[in-house]
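Q: Handing over entry15.cif, mmCIF, C-alpha atoms.
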data_input
loop_
_atom_site.label_atom_id
_atom_site.label_comp_id
_atom_site.auth_asym_id
_atom_site.auth_seq_id
_atom_site.Cartn_x
_atom_site.Cartn_y
_atom_site.Cartn_z
CA MET A 1351 -50.44 17.30 -6.07
CA ARG A 1352 -51.61 14.39 -8.18
CA ARG A 1353 -48.09 13.10 -8.31
CA SER A 1354 -47.68 13.10 -4.49
CA THR A 1355 -51.08 11.41 -4.08
CA ALA A 1356 -50.09 8.74 -6.59
CA LEU A 1357 -46.79 8.17 -4.77
CA LEU A 1358 -48.59 7.94 -1.45
CA ALA A 1359 -51.06 5.40 -2.87
CA LEU A 1360 -48.20 3.41 -4.38
CA ALA A 1361 -46.35 3.41 -1.04
CA CYS A 1362 -49.47 2.17 0.76
CA LEU A 1363 -49.91 -0.62 -1.78
CA ALA A 1364 -46.25 -1.59 -1.39
CA LEU A 1365 -46.61 -1.84 2.40
CA LEU A 1366 -49.78 -3.94 2.31
CA PRO A 1367 -48.00 -7.33 1.99
CA VAL A 1368 -45.68 -6.38 4.86
CA VAL A 1369 -48.60 -5.55 7.14
CA GLY A 1370 -50.36 -8.80 6.20
CA SER A 1371 -47.30 -10.93 6.91
CA ALA A 1372 -46.64 -9.20 10.22
CA GLN A 1373 -50.04 -10.31 11.42
CA ALA A 1374 -49.30 -14.00 10.66
CA ILE A 1375 -46.60 -14.38 13.34
CA TRP A 1376 -46.90 -17.01 16.06
CA LYS A 1377 -44.85 -16.87 19.27
CA TRP A 1378 -44.68 -19.64 21.87
CA LYS A 1379 -42.38 -21.25 24.42
CA ASP A 1380 -41.35 -24.83 23.69
CA ALA A 1381 -40.90 -27.62 26.25
CA ASN A 1382 -37.35 -26.38 27.03
CA GLY A 1383 -38.60 -22.83 27.71
CA THR A 1384 -37.06 -21.42 24.50
CA LEU A 1385 -39.00 -18.69 22.71
CA GLN A 1386 -40.09 -19.87 19.25
CA VAL A 1387 -41.25 -17.46 16.52
CA SER A 1388 -42.77 -18.72 13.28
CA ASP A 1389 -45.29 -17.96 10.57
CA THR A 1390 -46.81 -21.43 11.07
CA PRO A 1391 -48.80 -22.49 14.14
CA PRO A 1392 -46.96 -24.36 16.91
CA PRO A 1393 -47.21 -28.15 17.13
CA THR A 1394 -50.30 -29.59 18.76
CA SER A 1395 -48.19 -30.73 21.73
CA VAL A 1396 -47.72 -27.08 22.79
CA PRO A 1397 -50.40 -26.13 25.36
CA ASP A 1398 -52.46 -22.96 24.82
CA SER A 1399 -50.90 -21.37 27.88
CA ALA A 1400 -47.44 -21.55 26.21
CA ILE A 1401 -48.61 -19.62 23.10
CA LEU A 1402 -47.57 -15.99 23.62
CA SER A 1403 -48.82 -14.42 20.39
CA ARG A 1404 -51.23 -15.50 17.65
CA PRO A 1405 -51.93 -13.98 14.24
CA GLY A 1406 -54.38 -11.14 14.36
CA GLY A 1407 -52.80 -9.41 17.31
CA ARG A 1408 -54.25 -11.68 20.00
CA SER A 1409 -51.65 -12.51 22.60
CA ALA A 1410 -51.61 -14.67 25.68
CA GLU A 1411 -50.44 -13.63 29.11
CA ILE A 1412 -46.78 -14.48 29.68
CA VAL A 1413 -46.41 -16.81 32.63
CA VAL A 1414 -42.95 -17.54 34.01
CA GLY A 1415 -42.29 -20.86 35.76
CA GLY A 1416 -45.56 -22.65 34.96
CA THR A 1417 -49.10 -22.11 33.79
CA ALA A 1418 -51.57 -19.59 35.15
CA ASP A 1419 -53.89 -22.36 36.43
CA ALA A 1420 -51.30 -24.66 38.06
CA PRO A 1421 -48.40 -23.93 40.38
CA ALA A 1422 -44.90 -24.00 38.86
CA SER A 1423 -43.89 -27.16 40.73
CA THR A 1424 -46.58 -29.35 39.11
CA PRO A 1425 -45.20 -31.07 36.00
CA SER A 1426 -47.46 -31.04 32.98
CA ARG A 1427 -48.19 -34.06 30.80
CA SER A 1428 -45.70 -32.89 28.19
CA ASP A 1429 -42.98 -32.54 30.86
CA SER A 1430 -43.59 -36.04 32.16
CA ALA A 1431 -43.59 -37.40 28.60
CA LEU A 1432 -40.34 -35.55 27.94
CA GLU A 1433 -38.81 -36.99 31.11
CA ALA A 1434 -39.97 -40.47 30.10
CA ARG A 1435 -38.35 -40.05 26.68
CA LYS A 1436 -35.13 -38.84 28.32
CA ARG A 1437 -35.06 -41.85 30.66
CA GLU A 1438 -35.74 -44.19 27.74
CA GLN A 1439 -32.98 -42.56 25.70
CA GLN A 1440 -30.53 -42.79 28.61
CA SER A 1441 -31.32 -46.46 29.18
CA GLY A 1442 -30.89 -47.09 25.45
CA GLN A 1443 -27.54 -45.28 25.57
CA LYS A 1444 -26.44 -47.37 28.56
CA SER A 1445 -27.40 -50.62 26.86
CA ALA A 1446 -25.61 -49.54 23.66
CA ASP A 1447 -22.48 -48.72 25.70
CA ALA A 1448 -22.68 -52.10 27.41
CA ALA A 1449 -23.05 -53.84 24.05
CA ARG A 1450 -20.03 -51.96 22.67
CA ALA A 1451 -17.98 -52.89 25.74
CA ALA A 1452 -19.00 -56.55 25.43
CA ALA A 1453 -18.11 -56.57 21.71
CA ALA A 1454 -14.70 -54.99 22.45
CA LYS A 1455 -14.09 -57.58 25.16
CA GLU A 1456 -14.99 -60.39 22.74
CA ARG A 1457 -12.64 -58.99 20.07
CA ASP A 1458 -9.84 -58.70 22.62
CA GLN A 1459 -10.44 -62.27 23.81
CA ALA A 1460 -10.46 -63.58 20.21
CA ARG A 1461 -7.20 -61.73 19.48
CA ARG A 1462 -5.57 -63.23 22.59
CA GLU A 1463 -6.73 -66.73 21.64
CA GLU A 1464 -5.31 -66.30 18.13
CA ASN A 1465 -1.98 -65.03 19.49
CA CYS A 1466 -1.88 -68.00 21.88
CA ARG A 1467 -2.60 -70.44 19.06
CA GLN A 1468 0.15 -68.92 16.88
CA ALA A 1469 2.68 -68.98 19.74
CA ARG A 1470 1.88 -72.62 20.53
CA GLN A 1471 2.26 -73.51 16.84
CA GLN A 1472 5.64 -71.76 16.72
CA GLN A 1473 6.70 -73.62 19.90
CA ALA A 1474 5.67 -76.92 18.31
CA ASN A 1475 7.73 -76.08 15.20
CA LEU A 1476 10.79 -75.28 17.33
CA ASP A 1477 10.37 -78.48 19.39
CA SER A 1478 9.99 -80.64 16.28
CA GLY A 1479 13.67 -80.19 15.40
CA MET A 1480 13.09 -79.21 11.79
CA ARG A 1481 15.41 -76.67 10.23
CA MET A 1482 14.29 -73.07 10.80
CA ALA A 1483 15.38 -70.08 8.76
CA ARG A 1484 14.79 -66.35 8.85
CA LEU A 1485 15.69 -63.43 6.60
CA ASN A 1486 18.65 -61.23 7.48
CA ASP A 1487 19.09 -57.51 6.79
CA LYS A 1488 20.08 -58.15 3.18
CA GLY A 1489 16.99 -60.27 2.57
CA GLU A 1490 19.00 -63.50 2.49
CA ARG A 1491 17.77 -66.62 4.23
CA GLU A 1492 19.92 -67.80 7.15
CA PHE A 1493 19.33 -70.94 9.17
CA LEU A 1494 19.13 -70.87 12.96
CA ASP A 1495 21.99 -72.47 14.84
CA ASP A 1496 21.53 -74.06 18.28
CA ALA A 1497 22.07 -70.80 20.22
CA ALA A 1498 19.63 -68.84 18.02
CA ARG A 1499 17.13 -71.71 18.29
CA ALA A 1500 17.37 -71.65 22.12
CA ALA A 1501 16.92 -67.86 22.19
CA GLU A 1502 13.90 -68.14 19.89
CA ALA A 1503 12.43 -70.92 22.05
CA GLU A 1504 12.77 -68.73 25.17
CA ARG A 1505 11.14 -65.79 23.38
CA VAL A 1506 8.22 -68.02 22.30
CA ARG A 1507 7.79 -69.39 25.87
CA GLN A 1508 7.49 -65.81 27.17
CA ARG A 1509 4.98 -65.01 24.44
CA ILE A 1510 2.93 -68.09 25.39
CA GLN A 1511 2.91 -67.01 29.05
CA GLN A 1512 1.62 -63.55 28.09
CA ALA A 1513 -0.92 -64.62 25.48
CA CYS A 1514 -2.30 -67.84 26.99
CA ASN A 1515 -2.80 -66.89 30.62
#
As structure tokens, please, write out the structure in this file.
A:
Amino acid sequence: MRRSTALLALACLALLPVVGSAQAIWKWKDANGTLQVSDTPPPTSVPDSAILSRPGGRSAEIVVGGTADAPASTPSRSDSALEARKREQQSGQKSADAARAAAAKERDQARREENCRQARQQQANLDSGMRMARLNDKGEREFLDDAARAAEAERVRQRIQQACN
């Protein structure tokens, strides 16, 4: 008998922390309508009407689609603040996208200008009449004859038309 009483007392003592922690549970709905459960109180931005359960067994009435005092179609201050933040974030995203597009356009323009400059320089070298050489498949240098020079000049003219216009 004493042994069963001692076991019962020990079991009660073991369950005491569980009962104490079960009473420290907060339940509330956040701004998105998601149920939040925590052992810490909700943020101060959560209205009292959104708190569903407090420690100590006190619970609030569950209201779907709005608060008990106001109709569901009336936006609360937190909803309007959330909408304002969303609009601000979207406008920031749009301006960042526009900045990225402008930077890409500038890089593309700079690359075209550099290609144009290089093509014009190559055209000037061909028109100067100086000897031009290139490497063949074996890695040996071979000089351009008149036909190869004319073909290279035509290729450079086409490159200038593409890059400089």
Q: Show me, as a list in words, the residues that have an atom within 12 Å of Ala1503 in chain A when counting only C-alpha atoms, minus same-chain residues fewer than 5 positions from it.
A: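 Here the qualifying residues turn out to be Ala1469, Arg1470, Gln1471, Gln1472, Gln1473, Ala1474, Asn1475, Leu1476, Asp1477, Ser1478, Gly1479, Met1482, Leu1494, Asp1496, Ala1497, Ala1498, Gln1508, Arg1509 and Ile1510 of chain A.
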Q: Using Å and a single decimal, report how far CA of Val1387 in chain A sits from CA of Arg1404 in chain A.
A: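 Value for the CA of Arg1404 in chain A-CA of Val1387 in chain A distance: 10.2 Å.
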Q: Looking at A:Ala1483, A:Arg1352, A:Asn1515, A:Ala1381, which one is nearest to Asp1495 in chain A, with distances taken over only C-alpha atoms?
A: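 Checking each candidate against Asp1495 in chain A, we get A:Ala1483 as the closest.
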Q: State, in Å with one decimal place, the distance from CA of Glu1502 in chain A to CA of Cys1466 in chain A.
A: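 According to the coordinates, CA of Glu1502 in chain A and CA of Cys1466 in chain A are separated by 15.9 Å.
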Q: Quick one, how far is CA of Asp1389 in chain A from CA of Leu1432 in chain A?
A: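 One can read the CA of Asp1389 in chain A to CA of Leu1432 in chain A distance as 25.2 Å.
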